[in-house]
Every structure is written in C-alpha cells, then in structure tokens.
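*Asks:* Starting off with a structure, shown below.
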Protein chains: 4
Amino acid sequence: MTEIALFGAGRIGRIHAGNLSAQAGLRLRYVVDVNPAAAAELAAAHGAGAADVEQALADPTVAAVVIAASTATHAELISRAARAGKAIFCEKPVASDLDGAQACAEAVASAGVPCMIGFQRRFDPTFAALKRRLDVGEIGAPEVVVLTSRDPGPPPLDYLKQSGGVFKDMLIHDFDVCRWLVADEIVEIYATGACLSDGARAAGDLDTAAVTLRSRSGRLCTINTSRHAAYGYDQRIEVLGSAGMLQAGNHRPTEVTASLADAVRADVPEPFFLERYRRAYAIEMAHFAEVLAGRSQPTPSLNDGIRALELAELATRSWREGRVLSCAI
Amino acid sequence: MTEIALFGAGRIGRIHAGNLSAQAGLRLRYVVDVNPAAAAELAAAHGAGAADVEQALADPTVAAVVIAASTATHAELISRAARAGKAIFCEKPVASDLDGAQACAEAVASAGVPCMIGFQRRFDPTFAALKRRLDVGEIGAPEVVVLTSRDPGPPPLDYLKQSGGVFKDMLIHDFDVCRWLVADEIVEIYATGACLSDGARAAGDLDTAAVTLRSRSGRLCTINTSRHAAYGYDQRIEVLGSAGMLQAGNHRPTEVTASLADAVRADVPEPFFLERYRRAYAIEMAHFAEVLAGRSQPTPSLNDGIRALELAELATRSWREGRVLSCAI
Amino acid sequence: MTEIALFGAGRIGRIHAGNLSAQAGLRLRYVVDVNPAAAAELAAAHGAGAADVEQALADPTVAAVVIAASTATHAELISRAARAGKAIFCEKPVASDLDGAQACAEAVASAGVPCMIGFQRRFDPTFAALKRRLDVGEIGAPEVVVLTSRDPGPPPLDYLKQSGGVFKDMLIHDFDVCRWLVADEIVEIYATGACLSDGARAAGDLDTAAVTLRSRSGRLCTINTSRHAAYGYDQRIEVLGSAGMLQAGNHRPTEVTASLADAVRADVPEPFFLERYRRAYAIEMAHFAEVLAGRSQPTPSLNDGIRALELAELATRSWREGRVLSCAI
Amino acid sequence: MTEIALFGAGRIGRIHAGNLSAQAGLRLRYVVDVNPAAAAELAAAHGAGAADVEQALADPTVAAVVIAASTATHAELISRAARAGKAIFCEKPVASDLDGAQACAEAVASAGVPCMIGFQRRFDPTFAALKRRLDVGEIGAPEVVVLTSRDPGPPPLDYLKQSGGVFKDMLIHDFDVCRWLVADEIVEIYATGACLSDGARAAGDLDTAAVTLRSRSGRLCTINTSRHAAYGYDQRIEVLGSAGMLQAGNHRPTEVTASLADAVRADVPEPFFLERYRRAYAIEMAHFAEVLAGRSQPTPSLNDGIRALELAELATRSWREGRVLSCAI
C-alpha cells in the first residue's frame with residue numbers, strides 16, 4: 001500500500017479522495033486543510049487522519065502527496081513536498097506566476113521526485129481516444145485545431161477578482177490541450193476578447209475570448225471561450241489533418257430525443273466539469289498510481305504545467321497590449 | 001421529342017407536369033381532367049392543350065400517358081392506353097382491387113407496351129442509396145427490415161371513407177418497399193392495429209397499425225404506421241443484415257440546431273410527401289423518360305404494383321380476421 | 001448496516017457485490033456459490049465470508065438476499081429466503097416456468113417480505129428519463145412502442161441449449177420494458193422469427209424474431225431482436241405518443257467522430273450489457289437499499305417478473321403454433 | 001417579361017442561365033462571352049442570342065445584366081451597365097481591388113440603378129434560417145461567431161497564381177457572412193496561416209488560415225479555412241449568443257447511415273459549392289427577380305461587396321505584416 005497525503009478538502013479534493021480510495025494499492029493517510037473541520041470530515045469518510053502540512057510531510061510512511069489546495073499554495077507545497085522526497089500530484093496551475101513555477105521546477109529536479117500536473121482532460125475517454133487516433137495517423141498530420149471551451153456561468157465576483165484572469169484561470173486547460181494535440185512548438189500567439197457581463201467588468205477581466213496560436217511548422221490552433229454559455233458546459237475539440245478531421249463532441253446526460261411539433265429535442269451537455277470529467281478524474285488518479293508503481297511516466301509533467309502557464313501569461317499580455325506576440329523564450 | 005398525355009390535373013398531376021416539362025426529350029402534349037378548367041390551366045402553363053380521354057389516346061403523335069387521375073379510373077385508363085399502344089406511367093395503386101389489376105395486366109401484356117407504376121420512394125436519393133449499398137453486400141444478406149411510415153395528420157373524413165383503408169391507401173408504398181428490400185418471396189403476413197381518432201372510427205378504418213411479414217428464407221419485415229405523427233412526416237428504413245445495419249433517416253428542411261438552456265433543438269422532418277419526395281418524383285420521371293427511350297426497364301413494374309396490392313388486401317383481411325395469413329397465391 | 005447474503009459468484013454476482021459494497025448502509029456478509037473457491041474469492045475481496053445456503057439463511061443478522069445464481073435455482077432460493085424472512089432481490093427470470101414462479105409468489109406473499117426482480121433496464125438513466133418524460137405527458141398518451149433489442153453475438157451452444165429459448169432468455173427484459181412503457185394490460189401477442197445461424201438451429205431455437213403485442217386500449221408494441229448484430233449491442237426504445245415521439249438511442253464509448261474521404265465515422269454502441277448497463281446495475285442496487293430502508297417499493301416487483309415470464313411463454317407458443325394468442329389469463 | 005443579358009458562359013454563368021430561365025417574369029435575351037461558341041451554345045439552350053458587350057448594353061429592351069465573367073472584367077462591366085441604365089447582378093468580388101470597386105460604386109450611384117452582389121450563401125436555406133432565428137432573438141445578442149470554410153481540394157496552379165490570394169478568392173464569402181451575422185462594425189482584424197501544399201507555395205499564397213475579427217461592441221468572429229479538406233466541402237456556422245447557440249451543419253447527399261463492425265458511417269458533406277449551394281443560387285436569382293420587380297432591395301448590396309473586399313485586403317495585409325490591423329477607414 002502506498003500512503004498518500006491530500007492537501008485541500010474542497011470540491012476537487014473530495015473527488016481526488018474518492019478516486020484515491022477506490023484505487024487498489026493506494027491509501028489515503030492524511031487530509032490537510034486550512035479548515036480543520038473539513039479536513040477531519042473528509043479524512044473520517046476515508047479512514048484517514050487530519051494533519052497539518054508539517055506532520056504530513058514528516059511522516060516517512062507517506063510516499064506521495066496530492067495537492068488540491070488553493071492556487072496560491074501550490075508552489076510552496078510542491079517545493080516542500082519535493083524536499084521531503086514525496087512523489088507529487090498537483091492540480092493546475094503549477095503556480096500563480098512563472099517565477100513561482102520555475103522555483104518548483106528546480107526543487108523537483110534537485111529532489112528527483114516524480115511530479116504530475118492535474119490536466120485531467122488528457123484522461124477523458126473521448127479526448128484520449130481522439131489523441132490516440134491522431135497519433136496513429138488516422139487523419140494524417142494535424143493542420144488546424146479548434147478548441148471550444150465554454151463555462152455554463154461565471155464564478156462569483158470574489159473568485160473572479162483573484163482568479164488571475166480568464167487565460168490563467170480557465171484557458172490554461174486549453175493551452176495544455178493545444179500543446180498536446182498540436183505536438184509542435186508554439187511560436188506565436190494572439191489573444192483578443194470582450195467583456196460582456198458586469199462581473200468580468202468589475203474584475204477587470206474578459207468573459208469572452210479568442211486566441212490564435214501558430215506552431216513552428218505552421219500548425220494553427222484557435223480557442224474560443226465564454227464564461228456564460230446558456231446551454232451548459234461546452235467542451236469540444238476539432239482537429240483538421242491532412243487526411244481528414246477528428247471531432248470530440250460534448251457528452252450528454254442521456255441519449256433521449258423528443259420529436260415534438262416544433263423541434264426534435266436532445267439533451268444539453270453535461271452541466272459542468274464535475275460531471276463532464278468524472279471519469280477523467282478517476283483515470284487520472286489511476287495513472288498517478290501507475291506512476292507511483294514505477295510503471296508510467298508522470299504525464300502531464302511539471303514542464304507541461306509550466307508551458308501552459310507561459311502561454312496563459314502571453315495570452316494575457318497579447319490581449320492587454322493588443323498585439324501578436326512571439327513565444328520564443 | 002416524345003409527346004405525352006397526362007390524365008389528372010390535381011396535386012400530383014401538377015408535379016408530374018412540371019417534371020415532364022423539365023425533362024429533355026419529353027413534351028407534354030395534352031392534359032385531361034374531369035374538371036376542364038383545371039386541365040386547361042395546367043396545359044397552358046406548359047404549352048400543352050386540354051383534351052378528353054378519347055382525343056388524347058387517338059392522337060398517334062402521343063407516345064405515352066401519365067395517369068395521375070383518381071384511383072377509381074386507373075384500371076380503365078391503363079387498359080385503354082395499352083390498347084391504344086401507348087407506353088404507360090400510372091400512379092399507385094394499379095386498381096381499386098385485384099380483379100381490376102389483373103385485367104390491366106392482361107391488356108398491357110397483350111399490347112406489349114411498357115408500363116411503370118409510380119412507387120416514387122424507390123427513386124428517393126436516400127432510399128435508393130440504401131438499396132444500392134444493400135445490393136452490393138455492404139451489410140451482408142438482409143435479415144430484418146423495419147419500416148416506419150407515419151403521416152403528419154389524417155386526411156379529411158370524405159377521403160378516408162373512400163380510401164380503401166389504411167393498408168391499401170397508405171401502406172401500399174411500404175409493401176412495395178418491403179418487397180424491394182427483402183428481395184425474397186413473402187410467405188406470411190400478420191396485421192393488427194388500433195383506431196385512436198374520431199375520423200378513422202367514423203370511416204371504419206385503423207389509424208395506427210403494425211404489420212409483420214416473413215419471407216420464404218426467413219427474412220422478417222415489420223411496418224409500423226400512424227395517421228397522426230405530431231412531429232411531421234416520418235419515413236424511415238432500417239435493414240439489419242448479417243454483417244451490419246443500414247438506416248435511412250428523415251430529411252430535414254435545414255441543418256440548423258439551437259442549443260438553448262433546456263434542450264438542443266433540431267428541425268422536425270420535411271412536412272409531407274410533396275416536400276420529402278420532391279426529388280424522388282423528378283428522378284422517377286427521368287427514369288420514365290429512359291424507359292421511353294428504350295434505355296431502361298419499366299421498374300417498378302405493373303407486376304410490382306399488383307404484388308403490393310395483394311399484400312395490402314391480405315393485411316386488411318389479417319386485421320379483420322385477427323389471424324396470421326399465408327401469402328401463397 | 002444491513003447485512004446481505006449473495007447467491008452466485010459469477011459475472012453478474014460480482015457486479016452486484018461491487019455495487020452492494022459501494023452502497024452506504026449495506027454490507028456484504030456472505031457469498032454462496034456451487035463453486036466454493038469462487039465464493040471464497042469474491043467474499044474475500046469484499047470483506048465477507050463464504051457460506052452455504054443453509055448457513056446464510058440461518059444467520060439472523062442477514063436481513064436480505066441477492067440471488068444471482070443460475071436460473072434453475074431462482075425459484076427455490078426465493079421460496080427458502082422468503083420462509084427465512086429475508087428481503088429478496090432476484091435476477092430475472094423469477095423461475096424457469098410459470099408454475100415455479102407461482103410457487104415463489106405464494107411463499108413471498110405468505111412471508112410478507114419485499115421481493116424485487118432485477119430488470120435493470122428500468123434503472124438505466126436514458127431509459128428512466130424516457131419513462132419519466134412519458135409519464136409527465138411530454139408526448140401525450142403512448143400509442144406505438146418499438147423496441148430494438150439485439151445482442152452482439154450468440155452465446156455458446158451449451159448455453160443456448162438450456163437457455164429456455166430466445167423469448168425467455170433474451171426478450172424477457174423487453175417484455176418487462178414493454179409492460180412498463182405501454183402501461184396497459186397486454187391482451188394479444190404474436191411472435192414469429194427465423195433461425196439463420198448454426199447455433200440456434202442446433203439448439204432448436206430462433207436467433208431472429210419479431211413480436212407484436214396489443215393492449216386493451218389499442219396500444220401497440222413491436223419488438224425486433226437478433227442474436228448477432230455485427231455492430232454491437234443494440235438497445236433502443238421508441239415511443240410514439242399522441243403529441244410526439246420519444247426515442248432512447250444507444251450509448252457510445254466516446255463522442256469522437258472522424259470525417260474521412262469516404263465517410264463520417266462515429267463509434268459503434270457500447271459492446272455488451274456489462275458496459276451498457278453499468279450505471280443501471282449500480283442504480284438498481286441503490287434502489288434495493290432504499291427498499292431495505294423502507295423508503296421505496298420493491299419495483300420491478302415479483303408480479304412484474306411473473307408477467308414478463310408469462311409473455312415470454314406465450315411468445316414461444318405463438319411462434320411454435322404460428323398463430324396469434326390472446327393473453328387473457 | 002424582363003429581358004436579361006448574361007455576361008459569362010462558364011460554370012457559374014450556366015447556373016445563373018438555368019435559374020433565370022426557370023424564373024417567372026425573367027427572360028434571358030443575350031449571352032456574352034469572350035468565347036463566342038460558348039456564348040452561342042448557352043444562348044441556344046435557353047432561346048436567347050449571343051451578342052457582344054456593346055450590343056447587349058445598347059438594346060433598350062434589356063433591363064438588367066447578370067455579370068458572371070472573370071473577376072478582372074467585373075468593375076468595367078458594372079460601370080458600363082450602370083451608365084447604360086441597366087439593373088445589375090454581379091458575382092463576387094466587385095472588383096480586383098478597392099479602387100476599382102470604388103469607381104463602380106460611383107458609377108452605380110450616379111446612374112441610380114439597383115446593384116446586387118452574388119454572395120449566394122445568404123440565400124442558402126440553412127444559413128438563412130440561422131440568420132432569421134438570430135434576428136428574432138432566439139439566442140439573444142450574438143457574442144461569438146465561428147465560421148468553418150474549407151474547400152475539398154485546391155484549384156489548379158494557374159488559377160491560384162492569379163486568384164488574388166486565399167483571402168480575396170475564397171474567404172471573401174466568409175467576410176460577408178461575418179458582417180451579416182455579427183451585425184456590427186468590424187474594428188479589428190488579425191490573420192495568420194500556413195502554406196502546407198506545393199501549389200500554394202508556388203503561388204506565394206496560403207492554403208490554411210485563421211482570421212479573428214472584433215466588432216465595435218466586442219463581438220468576436222473567427223474564421224478557419226483550408227484549401228484541402230479530405231472529407232469534402234466543409235461549410236459550417238456557429239453563433240454563440242447571450243441566451244444560447246445556433247449552429248448550421250453541413251448538408252449530406254443522403255441520410256443513410258451504416259452501422260458496421262468498426263464504425264457507424266454517415267455520408268461526407270455535399271462535394272462542392274455547385275451541389276452545396278444549388279438551392280441558394282436559385283433563391284438568389286428569385287431574389288434578383290423581386291428586386292427587378294421593385295418588391296425587394298438589392299441585398300447583398302454593392303456596399304456589402306465593397307466591405308467584404310476591404311476585409312479581404314486587410315486580412316492579406318495582416319498576414320503579410322504579421323500584425324493586428326485596425327479596420328477604421
């Protein structure tokens with residue numbers, strides 16, 4: 001049994017706790033949270049104990065950590081866990097900014113521990129099947145990637161104000177998917193957008209955006225996003241290749257359609273990420289178990305996490321400065 | 001130019017007139033109708049003349065007739081046209097009953113003229129593509145055929161009362177499609193149904209029916225029908241074969257979908273047969289032109305028309321007597 | 001904690017064991033199987049013990065049984081469990097024949113224990129949503145039900161020979177779904193079919209069948225089935241109502257489509273019942289937990305199980321005798 | 001009868017000739033082409049005469065011209081037709097460059113004749129339905145427009161070399177659709193792309209491109225294009241609005257699907273613009289007939305043609321200069 005310490009007992013922490021517990025070979029040992037009651041409750045539900053950071057990292061029986069606490073804590077927790085010799089799974093983003101991420105990378109490199117970043121979309125069965133089929137050449141080389149990434153509704157204003165902006169908070173997943181699918185170095189980025197809602201306006205942020213990325217060999221990726229798609233959580237991928245096109249459509253709660261006098265009606269997509277990516281989260285944790293068992297590489301890697309963060313920062317600058325930016329770094 | 005006399009200036013007659021006129025090599029010469037004004041108007045629109053039956057059949061420049069008058073007149077018009085040596089296109093059904101149909105068959109055989117029956121569904125691009133793919137073995141041998149055949153709403157009571165019943169009036173098309181796809185001799189038939197509307201009740205008819213047919217080699221066909229599908233004209237074919245399944249879906253007026261808060265909405269099917277089979281009627285007439293030019297066989301043949309009528313009469317008896325009937329004739 | 005004894009450690013027994021264990025409030029206490037090693041292994045995986053029937057039923061801490069052993073044992077196990085005062089969940093069919101089922105019903109009635117039959121399709125999210133929408137009147141009253149029920153490939157010949165025939169073995173689920181959706185007394189049934197494969201022939205069974213059922217008020221249901229659909233497990237429902245149509249489509253493993261030079265390709269359906277009804281089995285067991293907690297009725301009931309078995313026997317007779325049968329019993 | 005002179009007897013000229021002839025109230029009087037034999041043949045097929053430009057414009061019975069000759073001739077023909085007092089229908093683009101287009105605009109304005117530009121996509125039933133539903137507010141205000149516009153294969157190198165580049169030759173239609181749907185002034189444009197094929201490289205052109213446009217009020221439009229979509233002619237529109245999303249999908253030749261062992265296969269889209277927009281061309285000409293009858297405005301107008309050309313030229317510059325351009329003019 002590999003013992004795990006979980007940092008963060010919120011919504012996403014609870015999902016990881018459940019998936020960890022269901023995983024043969026893994027055992028949840030500690031839950032750590034700034035809210036001790038939340039930690040205790042989640043720990044109890046899985047036969048684990050509540051602890052503070054110090055205690056959890058000091059316990060030599062703990063082989064790995066899962067970091068699902070607030071973004072502001074990621075960088076420090078990664079560095080401390082690395083220094084304590086723990087294997088690391090950390091939710092996106094790696095850090096609030098690139099400097100913090102760079103510091104993590106050094107700590108992880110010098111400790112030589114595996115570190116995997118929680119871009120769960122790569123584990124979604126639909127997206128993973130698309131990627132596999134792309135990799136075996138079903139549509140030839142990728143030429144154009146179109147990502148549609150829309151939330152069903154904006155988060156609360158308090159969240160928006162400290163979110164780091166739509167590119168770092170929401171599109172960071174899409175930047176990772178872009179890199180994963182384009183499979184070539186991104187050399188140019190352009191981002192623009194609009195602020196059509198009161199919340200985003202109050203937070204000085206965008207709620208609607210379009211990003212264009214170009215790779216060294218001329219592959220194009222466009223991402224379009226919105227914080228408020230009235231019909232639900234819209235997560236689609238389209239890849240045009242030299243020999244055809246692969247598309248990943250939305251998942252629906254049921255396969256019922258109703259043919260009525262005015263329209264043929266089908267279900268809207270799964271409501272939000274907890275439902276849409278339920279299986280992705282479980283498969284992701286199974287992959288981390290494989291990493292801990294030495295049977296798989298920690299992918300998406302810490303470097304993947306840093307590159308996505310770079311693109312998010314560049315997109316933010318491109319939008320603010322109103323110009324195309326080179327990504328050569 | 002092959003000169004044509006058209007019998008019937010009603011809804012379906014006008015469609016044939018338009019398709020005839022658009023056909024290179026055919027020319028509409030006469031329109032005949034019990035309503036002389038209707039005949040004159042349709043004739044004028046296509047540079048033809050109005051005439052009576054005698055006159056049209058007596059004109060030696062007329063090579064062919066298109067019969068789109070009321071069902072009661074079909075048998076006599078076919079026989080007279082055959083005796084006059086004209087090639088014949090006749091709307092379904094061949095006759096009001098099998099005796100009448102048999103008499104036609106003799107007249108046509110002894111005259112040696114081509115005679116084609118207007119089962120236009122065979123010419124629908126979607127249905128024809130399904131048939132072609134079935135014939136080349138894409139799904140192996142057919143094993144189960146499921147036909148869905150539903151009208152958007154019932155005809156007027158006056159029409160219902162003289163229609164000959166749902167099997168002869170409406171399902172005769174489906175019996176032809178069944179024979180065409182099953183491509184084996186039908187040996188057993190069972191029909192049942194219900195009368196759920198006032199109109200059908202007043203006419204002593206069914207408005208909802210299910211028919212099961214079995215062929216000599218064990219191929220099954222089920223047909224389900226309704227006179228009142230609230231969402232429109234529903235015309236689908238499904239063929240299960242030993243190596244897969246072919247399905248022909250409905251045609252929609254547009255390919256627009258709307259994703260709203262409550263549902264993803266697509267168009268209901270084309271409203272009724274004039275829209276759904278517009279292209280089928282044109283292609284059917286082009287096929288008749290090929291027959292007249294000696295380049296194609298008259299298919300569906302008069303015999304096809306008679307066999308479909310037989311099945312419609314057997315279905316009616318099966319329903320009335322509440323039992324399975326053998327089709328051996 | 002409610003303690004449960006599970007009879008049967010085969011494929012379906014293992015699914016129930018997993019779902020039981022995941023259910024808050026339920027605890028697997030014993031696993032019973034004719035193969036003691038299989039019982040021991042499954043028991044160990046869930047912290048339960050292996051036992052024989054006697055022992056399991058004699059333990060007063062066991063409040064309920066889950067019967068997933070072979071069909072031949074169902075009737076006796078139900079009766080014995082009832083006499084021992086246990087609540088009962090039993091896989092379909094209730095018994096190998098109606099006499100056996102009737103005996104169970106008496107034992108259950110006189111013991112006054114809850115008894116639920118494992119028609120898991122009623123708990124499938126797609127089918128359950130269709131039923132809910134039908135019940136709230138979204139398409140008015142049901143008029144025509146079309147069930148498509150096809151297996152991806154035939155079972156082994158040994159299984160076929162003792163299966164009781166396609167109607168009892170395979171279509172019993174569809175007879176239950178028919179009764180559930182038609183929601184009216186079935187008064188007439190007609191079944192026909194064909195035997196197109198060597199296996200079915202050797203077993204004296206059908207592998208392709210069509211069944212038509214009519215209810216007292218004139219609602220129609222047709223079921224078409226095959227033991228060998230080349231494209232996978234095909235499980236669809238269509239209900240035509242007075243105000244529209246509801247359809248339940250197949251579930252696919254992923255939502256990927258590929259547009260290639262020759263076709264737009266989508267996934268075939270989930271391969272077989274273990275995948276297609278994975279969620280249905282879990283929800284079914286959660287429902288049984290609700291029954292045990294006294295918060296829900298045992299539905300589908302033992303009576304539902306008996307009525308489906310009656311229809312399966314009538315269908316078998318209708319096919320053998322080649323005639324329409326009345327269901328008045 | 002309104003008499004029409006047609007300039008251009010090529011592929012698109014023949015389509016307009018057919019649609020003109022089918023239009024009640026219009027009569028094709030002259031066909032003019034640099035190839036007199038082509039003009040004579042097309043004229044003969046429609047009961048018209050061949051003529052030269054002078055002769056056609058000098059005939060006072062000719063009320064209108066349809067210009068479908070090569071792009072290089074558009075500007076001069078528009079100006080001459082305007083000075084001759086003829087109503088004008090001209091294929092896109094208005095002219096090879098903006099100066100030429102501006103000169104046309106002056107000639108048309110001073111002559112006071114109606115002038116309509118052949119952006120036929122506005123008349124496509126699917127696109128027109130989407131626009132109508134957008135206009136009645138079904139999805140609220142438009143926020144994001146995504147246009148997918150891909151050709152099945154590149155034109156010959158000779159054509160490519162004189163085409164004016166992908167933005168003017170191919171995307172000019174999409175710039176018009178963008179303006180039509182965004183319904184707000186475009187203020188910013190960014191275009192990038194790649195050249196992945198030998199032909200485009202030899203022509204110094206792009207074959208893959210992504211364009212982003214932003215309107216004054218913050219509406220975004222992205223266009224992605226390719227000269228070589230292996231699966232056919234891909235023409236889709238997606239509009240995200242404040243209350244939902246409208247999508248216009250591709251049209252398929254048939255509605256057949258095949259479920260085989262490896263995939264469920266549907267038809268690829270209609271092969272190219274002649275098939276995809278067949279009905280659009282007919283409805284467009286019917287609209288021109290309405291304009292000639294004084295019952296409709298000439299829409300898309302000459303100004304629409306000029307604005308689309310402006311966007312095409314700006315896109316070309318944006319790509320060449322690698323920067324975002326303001327559209328304020």
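So you can find residues: chains in the structure tokens are A, B, ... in the order shown, residues in each start at 1, and ligands are numbered from 1 in order.
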Leu130 (chain A): which residues within 7 Å, counting only C-alpha atoms, same-chain residues fewer than 3 positions away excluded, as a PyMOL selection string?
*Replies:* (chain A and resi 126-127+133-134+246+248) or (chain C and resi 256)
*Asks:* Check every residue of chain D for an atom within 10 Å of chain C, counting only C-alpha atoms, and provide those that qualify as a list in words.
*Replies:*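 The complete set of qualifying residues is Pro152, Ala229, Ala230, Tyr231, Gly232, Thr257, Ala258, Ser259, Leu260, Ala261, Asp262, Ala263, Val264, Arg265, Ala266, Asp267, Val268 and Pro269 of chain D.
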*Asks:* Produce a file of the selected residues containing N, CA and C atoms, as a PDB file, in the first residue's frame.
*Replies:*
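Result went into result04.pdb, see below:
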ATOM      1  N   PRO D 152     -12.676  21.262 -50.725  1.00  0.00           N
ATOM      2  CA  PRO D 152     -12.271  19.854 -50.779  1.00  0.00           C
ATOM      3  C   PRO D 152     -10.880  19.659 -51.396  1.00  0.00           C
ATOM      4  N   ALA D 229      -9.650  19.990 -47.538  1.00  0.00           N
ATOM      5  CA  ALA D 229     -10.281  19.136 -46.535  1.00  0.00           C
ATOM      6  C   ALA D 229     -10.592  17.786 -47.189  1.00  0.00           C
ATOM      7  N   ALA D 230      -9.944  16.748 -46.702  1.00  0.00           N
ATOM      8  CA  ALA D 230     -10.006  15.438 -47.364  1.00  0.00           C
ATOM      9  C   ALA D 230     -11.424  14.874 -47.448  1.00  0.00           C
ATOM     10  N   TYR D 231     -12.297  15.289 -46.548  1.00  0.00           N
ATOM     11  CA  TYR D 231     -13.655  14.724 -46.463  1.00  0.00           C
ATOM     12  C   TYR D 231     -14.654  15.553 -47.241  1.00  0.00           C
ATOM     13  N   GLY D 232     -14.222  16.604 -47.915  1.00  0.00           N
ATOM     14  CA  GLY D 232     -15.145  17.345 -48.761  1.00  0.00           C
ATOM     15  C   GLY D 232     -15.290  18.802 -48.391  1.00  0.00           C
ATOM     16  N   THR D 257     -27.142   5.928 -42.915  1.00  0.00           N
ATOM     17  CA  THR D 257     -26.005   5.574 -42.066  1.00  0.00           C
ATOM     18  C   THR D 257     -25.852   4.060 -42.075  1.00  0.00           C
ATOM     19  N   ALA D 258     -24.600   3.622 -41.977  1.00  0.00           N
ATOM     20  CA  ALA D 258     -24.315   2.182 -41.924  1.00  0.00           C
ATOM     21  C   ALA D 258     -23.611   1.888 -40.607  1.00  0.00           C
ATOM     22  N   SER D 259     -24.161   0.951 -39.846  1.00  0.00           N
ATOM     23  CA  SER D 259     -23.521   0.509 -38.608  1.00  0.00           C
ATOM     24  C   SER D 259     -22.786  -0.784 -38.907  1.00  0.00           C
ATOM     25  N   LEU D 260     -21.493  -0.714 -38.938  1.00  0.00           N
ATOM     26  CA  LEU D 260     -20.693  -1.893 -39.257  1.00  0.00           C
ATOM     27  C   LEU D 260     -19.883  -2.282 -38.031  1.00  0.00           C
ATOM     28  N   ALA D 261     -19.067  -3.300 -38.182  1.00  0.00           N
ATOM     29  CA  ALA D 261     -18.342  -3.801 -37.014  1.00  0.00           C
ATOM     30  C   ALA D 261     -17.406  -2.751 -36.431  1.00  0.00           C
ATOM     31  N   ASP D 262     -16.869  -1.875 -37.275  1.00  0.00           N
ATOM     32  CA  ASP D 262     -15.854  -0.947 -36.774  1.00  0.00           C
ATOM     33  C   ASP D 262     -16.356   0.459 -36.527  1.00  0.00           C
ATOM     34  N   ALA D 263     -17.455   0.841 -37.136  1.00  0.00           N
ATOM     35  CA  ALA D 263     -17.903   2.226 -37.007  1.00  0.00           C
ATOM     36  C   ALA D 263     -19.325   2.382 -37.518  1.00  0.00           C
ATOM     37  N   VAL D 264     -19.955   3.466 -37.089  1.00  0.00           N
ATOM     38  CA  VAL D 264     -21.225   3.894 -37.668  1.00  0.00           C
ATOM     39  C   VAL D 264     -20.871   4.963 -38.693  1.00  0.00           C
ATOM     40  N   ARG D 265     -21.198   4.716 -39.946  1.00  0.00           N
ATOM     41  CA  ARG D 265     -20.727   5.567 -41.033  1.00  0.00           C
ATOM     42  C   ARG D 265     -21.852   6.397 -41.637  1.00  0.00           C
ATOM     43  N   ALA D 266     -21.652   7.705 -41.702  1.00  0.00           N
ATOM     44  CA  ALA D 266     -22.610   8.586 -42.364  1.00  0.00           C
ATOM     45  C   ALA D 266     -21.937   9.215 -43.574  1.00  0.00           C
ATOM     46  N   ASP D 267     -22.747   9.828 -44.437  1.00  0.00           N
ATOM     47  CA  ASP D 267     -22.205  10.465 -45.641  1.00  0.00           C
ATOM     48  C   ASP D 267     -21.283  11.635 -45.300  1.00  0.00           C
ATOM     49  N   VAL D 268     -20.254  11.825 -46.113  1.00  0.00           N
ATOM     50  CA  VAL D 268     -19.486  13.062 -46.050  1.00  0.00           C
ATOM     51  C   VAL D 268     -20.359  14.177 -46.641  1.00  0.00           C
ATOM     52  N   PRO D 269     -19.968  15.442 -46.426  1.00  0.00           N
ATOM     53  CA  PRO D 269     -20.804  16.555 -46.927  1.00  0.00           C
ATOM     54  C   PRO D 269     -20.924  16.557 -48.457  1.00  0.00           C
TER      55      PRO D 269
END
*Asks:* For region 91-98 of chain D, find every residue with an atom within 6 Å (counting only C-alpha atoms), except residues of its own chain fewer than 5 positions away, and show them as a list in words.
*Replies:*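 In the requested format, the answer is Ala68, His74, Ala75, Ile117, Gly118 and Gly305 of chain D.
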*Asks:* Could you name the residues that touch Pro60 (chain C) at 12 Å or less, counting only C-alpha atoms, but leaving out those on the same chain fewer than 5 positions away, as JSON, numbers by chain?
*Replies:* {"C": [2, 3, 4, 5, 29, 54, 55, 81, 84, 85, 86]}
*Asks:* If we count only C-alpha atoms and set the cut-off at 6 Å, which residues sit around region 102-113 of chain C, ignoring sequence neighbours fewer than 5 positions away in its own chain? Please answer as an NGL selection string.
*Replies:* :C and (75 or 79 or 82-83 or 87)
*Asks:* Which residues come within 9 Å of region 312-320 of chain C, counting only C-alpha atoms, excluding same-chain residues fewer than 6 positions away, as a short mmCIF file (atom, residue, chain, number, x, y, z; two decimals) with C-alpha atoms, in the first residue's frame?
*Replies:*
data_model
loop_
_atom_site.label_atom_id
_atom_site.label_comp_id
_atom_site.auth_asym_id
_atom_site.auth_seq_id
_atom_site.Cartn_x
_atom_site.Cartn_y
_atom_site.Cartn_z
CA ASP C 97 -41.51 -21.76 -15.74
CA LEU C 98 -44.75 -20.22 -14.59
CA GLY C 165 -35.28 -20.15 -25.84
CA VAL C 166 -34.79 -16.63 -27.10
CA PHE C 167 -38.08 -15.32 -25.72
CA LYS C 168 -37.45 -16.42 -22.13
CA ASP C 169 -33.72 -15.92 -22.15
CA LEU C 171 -36.61 -10.99 -24.69
CA ILE C 172 -37.89 -11.32 -21.13
CA PHE C 175 -41.42 -7.89 -22.28
CA ILE C 189 -49.45 -11.38 -28.77
CA TYR C 190 -47.94 -12.67 -31.99
CA ALA C 191 -44.37 -13.88 -32.39
CA THR C 192 -42.52 -15.07 -35.43
CA GLY C 193 -38.91 -15.45 -36.33
CA VAL C 211 -43.08 -9.87 -31.65
CA SER C 326 -54.92 -13.99 -26.51
CA CYS C 327 -53.22 -13.05 -23.24
#
